[in-house]
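Beneath this line is the structure, given in structure tokens, with notes to follow.
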Amino acid sequence: MTFGMTINACAADTAAVQPKRVLMAKISLIVNGNPVNANIDPRTLLVQFLRENLRLTGTHVGCDTSQCGACVVHLDGKAVKSCTTLAVMADGHEVRTIEGLAADGAPLHPMQEAFREHHGLQCGFCTPGMIMTAVDLVNRKGHDLSDDVIREELEGNLCRCTGYQNIVTSIAAGAKAMAKSA
Amino acid sequence: MYEFKYHRPATVRQAANLLVKNEDAKVIAGGHTLVPVMKQRLASPPHLVDLSHIEGLNAIEMKGRSLVIGATATHADVANSATVREAIPALAELASGIGDPAVRHKGTIGGSLANNDPTADYPAAVLALGATIVTNKRRLKAEEFFQGLFSTALENDEIITRVMFPLPKKAAYIKFRNQASRYALVGVFVARRPSDVRVAVTGAGSDGVFRATAFEEALKKRFSHKVLEGISASPEGLNSDLHGSAEYRAHLIGVLTRRAVEAATAK
């Protein structure tokens with residue numbers, strides 16, 4: 001009896017170390033203006049691809065259930081939740097992350113600068129998603145944004161520090177600053 | 001998420017062939033229902049057929065007296081479409097209230113209908129407006145299409161290609177959101193059509209979207225919220241859960257129907 005069980009356990013172990021058949025997919029896309037080619041497991045989420053393959057760790061994973069917005073990036077110029085987007089579906093498309101808003105050493109993007117100026121963050125975890133959502137909002141709704149509109153548009157971005165007051169102030173100021181810099 | 005093979009067909013026909021060849025394949029477009037379900041391992045399709053790159057499948061246009069919306073039109077496409085805003089403003093408003101801005105950039109009308117989530121918004125519009133769902137095989141009336149919780153008349157190798165909405169005289173959609181999930185606890189779509197009045201309710205029914213016929217009968221006589229006084233929805237067959245009792249949902253159906261009629265007549 002004991003002997004039989006040992007054999008079964010061995011068999012299970014052997015099966016576990018067998019190389020698994022992985023169905024890879026080739027993708028090529030533009031990330032922050034740079035062409036990227038990769039061979040990935042189709043299961044790879046866009047956020048995983050950005051963080052783990054490209055080491056762009058500014059995009060965060062918060063809830064991992066498309067509710068909190070920490071993972072928001074721009075796909076073809078539109079805000080999307082990269083935790084709910086397969087990287088393979090971004091093949092042939094253009095992605096912009098928080099790292100792509102301003103080049104290294106260059107002045108901050110006006111929305112980033114507004115968040116700095118108005119202290120639109122507490123712990124900072126939600127900030128990249130907030131800023132990417134804010135830039136998308138300005139692109140869609142213009143530079144003169146009421147607090148009501150900003151709050152409504154932040155439906156999909158959660159700040160667990162509950163620092164919304166300054167986030168709203170930052171976005172309103174950032175929106176105006178983007179008009180000047182455009 | 002379990003392993004799968006990813007396919008990217010260029011046409012609906014190619015997509016349908018892939019579904020015939022791979023019995024357990026699933027269709028994906030925006031992925032905002034399927035990806036979360038796959039992440040939770042509640043679904044593990046060995047093949048994914050991506051419709052999002054099929055050209056023209058997201059087209060929105062008027063054809064005769066019908067508004068035709070392509071299956072892969074996103075909620076943002078519908079919300080912002082000048083064609084939809086002019087033809088059926090209530091539908092554009094409904095789309096602009098689904099999820100959040102980022103979700104609306106990805107989620108599609110076809111995906112929402114094929115999933116038939118009992119708290120989804122689109123099923124109420126499709127049923128109230130008497131829309132026709134066009135697939136690669138046939139045309140389905142809204143009443144035949146929805147078949148209870150998360151189930152539809154769609155066959156395994158059937159793909160929604162577009163939805164045809166006949167134009168109503170007046171329409172409005174009002175939803176009462178669950179404070180946490182933001183899904184409709186109850187949502188009511190009222191449509192005054194040339195031939196009749198339809199009231200469709202989402203979020204409340206234990207069998208998914210349904211028509212509130214008592215309200216429809218009253219509104220057929222006179223399309224005013226005043227005729228609804230004294231009419232109430234029955235809690236029978238409604239959901240009772242931690243978000244609200246069947247009685248509470250029944251109460252909300254009455255309140256929201258009145259508000260929707262008021263909103264429709266104010267337009």
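Going by the structure tokens order, chains are called A, B, ..., each with residues numbered from 1, while ligands are numbered from 1 in the order shown.
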
Taking 3 positions as the minimum chain separation for residues in the same chain, which residues sit within 9 Å of His243 of chain B when counting only C-alpha atoms? Answer as a VMD selection string.
chain B and resid 178 185 240

For the structure I just gave you, how does DSSP split segment 86-179 of chain B - specifically, which residues are alpha helix (DSSP H)? Reply as a PyMOL selection string.
chain B and resi 86-87+89-96+101-104+109-115+122-129+142-145

Select, from B:Gln40, B:Ser206, B:Gln14, B:Ser195, the residue with the minimum atom-to-atom distance to chain A, counting only C-alpha atoms.
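Under the stated criterion, the closest residue is B:Gln40.
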
Polymer residues at most 10 Å from Phe223 of chain B, only C-alpha atoms, same-chain spacing of 3 or more positions, as a list of chain:residue names
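Counting only the stated atoms, we get B:Lys170, B:Arg192, B:Val197, B:Glu216, B:Ala218, B:Leu219, B:Lys220, B:Lys226, B:Val227, B:Leu228, B:Val261, B:Glu262, B:Ala264, B:Thr265.
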
Taking all heavy atoms for each residue, export the selection above as a compact mmCIF listing (two decimals), in the first residue's frame.
```txt
# COMPACT_ATOMS: atom_id res chain seq x y z
N LYS B 170 -39.92 58.06 -28.25
CA LYS B 170 -39.26 58.60 -27.05
C LYS B 170 -38.66 57.43 -26.28
O LYS B 170 -39.22 56.32 -26.32
CB LYS B 170 -40.27 59.29 -26.14
CG LYS B 170 -40.77 60.63 -26.64
CD LYS B 170 -41.84 61.15 -25.70
CE LYS B 170 -42.56 62.37 -26.26
NZ LYS B 170 -41.73 63.53 -26.50
N ARG B 192 -41.12 54.41 -25.92
CA ARG B 192 -42.42 54.63 -26.56
C ARG B 192 -42.19 54.42 -28.05
O ARG B 192 -41.56 55.24 -28.72
CB ARG B 192 -42.91 56.04 -26.29
CG ARG B 192 -44.29 56.27 -26.86
CD ARG B 192 -44.74 57.69 -26.61
NE ARG B 192 -46.15 57.81 -26.95
CZ ARG B 192 -46.81 58.94 -27.02
NH1 ARG B 192 -46.18 60.07 -26.75
NH2 ARG B 192 -48.07 58.97 -27.34
N VAL B 197 -45.68 50.48 -26.18
CA VAL B 197 -44.73 50.97 -25.18
C VAL B 197 -44.08 49.76 -24.53
O VAL B 197 -44.77 48.78 -24.21
CB VAL B 197 -45.44 51.81 -24.10
CG1 VAL B 197 -44.46 52.21 -23.01
CG2 VAL B 197 -46.07 53.04 -24.72
N GLU B 216 -46.33 48.59 -18.89
CA GLU B 216 -46.49 48.79 -20.34
C GLU B 216 -47.96 49.05 -20.69
O GLU B 216 -48.28 49.97 -21.46
CB GLU B 216 -45.99 47.56 -21.12
CG GLU B 216 -44.49 47.39 -21.06
CD GLU B 216 -44.02 46.17 -21.85
OE1 GLU B 216 -44.87 45.41 -22.37
OE2 GLU B 216 -42.79 45.99 -21.95
N ALA B 218 -50.40 50.20 -18.85
CA ALA B 218 -50.85 51.51 -18.39
C ALA B 218 -50.31 52.62 -19.29
O ALA B 218 -51.03 53.56 -19.65
CB ALA B 218 -50.41 51.74 -16.95
N LEU B 219 -49.04 52.49 -19.68
CA LEU B 219 -48.41 53.54 -20.48
C LEU B 219 -48.92 53.57 -21.92
O LEU B 219 -48.83 54.59 -22.59
CB LEU B 219 -46.88 53.36 -20.46
CG LEU B 219 -46.21 53.69 -19.12
CD1 LEU B 219 -44.78 53.16 -19.08
CD2 LEU B 219 -46.23 55.21 -18.85
N LYS B 220 -49.42 52.43 -22.38
CA LYS B 220 -49.97 52.37 -23.74
C LYS B 220 -51.19 53.29 -23.83
O LYS B 220 -51.42 53.92 -24.86
CB LYS B 220 -50.37 50.93 -24.07
CG LYS B 220 -49.41 50.27 -25.06
CD LYS B 220 -49.92 48.91 -25.46
CE LYS B 220 -48.97 47.84 -24.97
NZ LYS B 220 -49.48 46.48 -25.17
N LYS B 226 -47.91 59.87 -14.63
CA LYS B 226 -49.09 59.96 -13.75
C LYS B 226 -49.93 58.68 -13.78
O LYS B 226 -50.53 58.31 -12.77
CB LYS B 226 -49.95 61.16 -14.14
CG LYS B 226 -49.30 62.46 -13.70
CD LYS B 226 -50.10 63.67 -14.12
CE LYS B 226 -49.29 64.93 -13.83
NZ LYS B 226 -49.55 65.99 -14.78
N VAL B 227 -49.97 58.02 -14.95
CA VAL B 227 -50.80 56.80 -15.02
C VAL B 227 -50.18 55.65 -14.23
O VAL B 227 -50.82 54.61 -14.04
CB VAL B 227 -51.03 56.34 -16.49
CG1 VAL B 227 -51.66 57.44 -17.32
CG2 VAL B 227 -49.72 55.87 -17.12
N LEU B 228 -48.95 55.83 -13.78
CA LEU B 228 -48.28 54.73 -13.07
C LEU B 228 -48.58 54.73 -11.57
O LEU B 228 -48.23 53.79 -10.87
CB LEU B 228 -46.76 54.81 -13.29
CG LEU B 228 -46.32 54.67 -14.75
CD1 LEU B 228 -44.83 54.89 -14.88
CD2 LEU B 228 -46.70 53.30 -15.30
N VAL B 261 -40.01 57.50 -17.49
CA VAL B 261 -41.08 58.08 -18.31
C VAL B 261 -40.99 59.60 -18.26
O VAL B 261 -41.11 60.28 -19.29
CB VAL B 261 -42.47 57.59 -17.82
CG1 VAL B 261 -43.58 58.34 -18.52
CG2 VAL B 261 -42.61 56.08 -18.06
N GLU B 262 -40.74 60.12 -17.07
CA GLU B 262 -40.58 61.59 -16.95
C GLU B 262 -39.42 62.08 -17.81
O GLU B 262 -39.53 63.08 -18.52
CB GLU B 262 -40.31 61.97 -15.48
CG GLU B 262 -41.58 62.17 -14.67
CD GLU B 262 -41.23 62.65 -13.27
OE1 GLU B 262 -40.84 61.80 -12.44
OE2 GLU B 262 -41.35 63.87 -13.02
N ALA B 264 -38.13 60.62 -20.42
CA ALA B 264 -38.44 60.43 -21.85
C ALA B 264 -39.37 61.53 -22.36
O ALA B 264 -39.19 62.05 -23.46
CB ALA B 264 -39.06 59.06 -22.08
N THR B 265 -40.36 61.90 -21.53
CA THR B 265 -41.31 62.93 -21.98
C THR B 265 -40.69 64.32 -21.96
O THR B 265 -41.10 65.20 -22.70
CB THR B 265 -42.60 62.93 -21.12
OG1 THR B 265 -42.22 62.81 -19.76
CG2 THR B 265 -43.52 61.79 -21.49
```

Determine, for each residue of chain A having at least one atom at most 6 Å from an atom of chain B, the closest pair of atoms and their separation in Å to one decimal, counting only C-alpha atoms; order by chain and ascending number, as CSV.
```
residue,atom,partner,partner_atom,distance
A:Ala79,CA,B:Ala102,CA,5.1
A:Val80,CA,B:Ala102,CA,4.4
A:Glu155,CA,B:Asp100,CA,5.6
A:Gly156,CA,B:Asp100,CA,5.0
```

In segment 18-211 of chain B, DSSP strand (DSSP E or B) residues written as a ChimeraX atom specification:
/B:26-28,47-50,60-63,66-70,74,108,132-135,139-141,146,152,160-166,170-177,184-192,197-202,205,210-211

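Closest approach to Leu145 of chain A from the set A:Thr162, A:Ser170, A:Gln48, A:Asn157 is made by A:Ser170, with distances taken over only C-alpha atoms.
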
Using only C-alpha atoms, which residues sit within 6 Å of Asp91 of chain A once same-chain residues fewer than 4 positions away are excluded, as a ChimeraX atom specification?
/A:27-29

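Within 7 Å of segment 133-139 of chain A, once only C-alpha atoms are used and residues closer than 5 positions along the same chain are dropped, the contacting residues are Val72, Lys78, Ala79, Met111, Ile171 and Ala175 of chain A.
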
Same residues, N, CA, C and O atoms, saved as a CSV table (one decimal), in the first residue's frame:
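So selection-v7.csv came out as:
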```
chain,number,residue,atom,x,y,z
A,72,VAL,N,-3.8,51.9,-15.4
A,72,VAL,CA,-4.2,52.6,-16.7
A,72,VAL,C,-3.0,53.1,-17.5
A,72,VAL,O,-2.1,53.7,-17.0
A,78,LYS,N,-6.0,56.0,-26.1
A,78,LYS,CA,-7.1,56.0,-25.2
A,78,LYS,C,-6.8,55.2,-23.9
A,78,LYS,O,-6.1,54.2,-23.9
A,79,ALA,N,-7.3,55.7,-22.8
A,79,ALA,CA,-7.0,55.1,-21.5
A,79,ALA,C,-7.7,53.7,-21.4
A,79,ALA,O,-8.8,53.6,-21.8
A,111,MET,N,0.7,67.6,-16.6
A,111,MET,CA,-0.2,67.0,-15.6
A,111,MET,C,0.6,66.4,-14.5
A,111,MET,O,0.2,66.5,-13.3
A,171,ILE,N,-5.8,67.8,-11.2
A,171,ILE,CA,-6.3,67.6,-12.6
A,171,ILE,C,-6.8,68.8,-13.3
A,171,ILE,O,-6.5,69.1,-14.4
A,175,ALA,N,-5.0,70.3,-16.5
A,175,ALA,CA,-5.7,70.5,-17.7
A,175,ALA,C,-5.5,71.9,-18.3
A,175,ALA,O,-5.3,72.0,-19.5
```

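Counting from atom CA of Leu86 of chain A, the distance to atom CA of Val47 of chain A is 8.5 Å.
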
Go through B:Ala246, B:Ala204, B:Val68, B:Val190 one by one, measure the shortest atom-to-atom distance of each to Asp117 of chain B using only C-alpha atoms, and give the residue with the smallest value.
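Of B:Ala246, B:Ala204, B:Val68, B:Val190, the one nearest Asp117 of chain B, counting only C-alpha atoms, is B:Ala204.
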
Find the residues near Arg96 of chain A: any atom within 7 Å, counting only C-alpha atoms, skip ones fewer than 2 places away on the same chain, and give them as a count of residues only.
8

Counting only C-alpha atoms, the residue of B:Pro123, B:Gly230, B:Pro194, B:Gly187 that sits nearest Ala142 of chain B
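Selected residue with least distance to Ala142 of chain B: B:Pro123.
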
Please, what distance in Å, to one decimal, runs between atom CA of Glu217 of chain B and atom CA of Lys267 of chain B?
21.8 Å
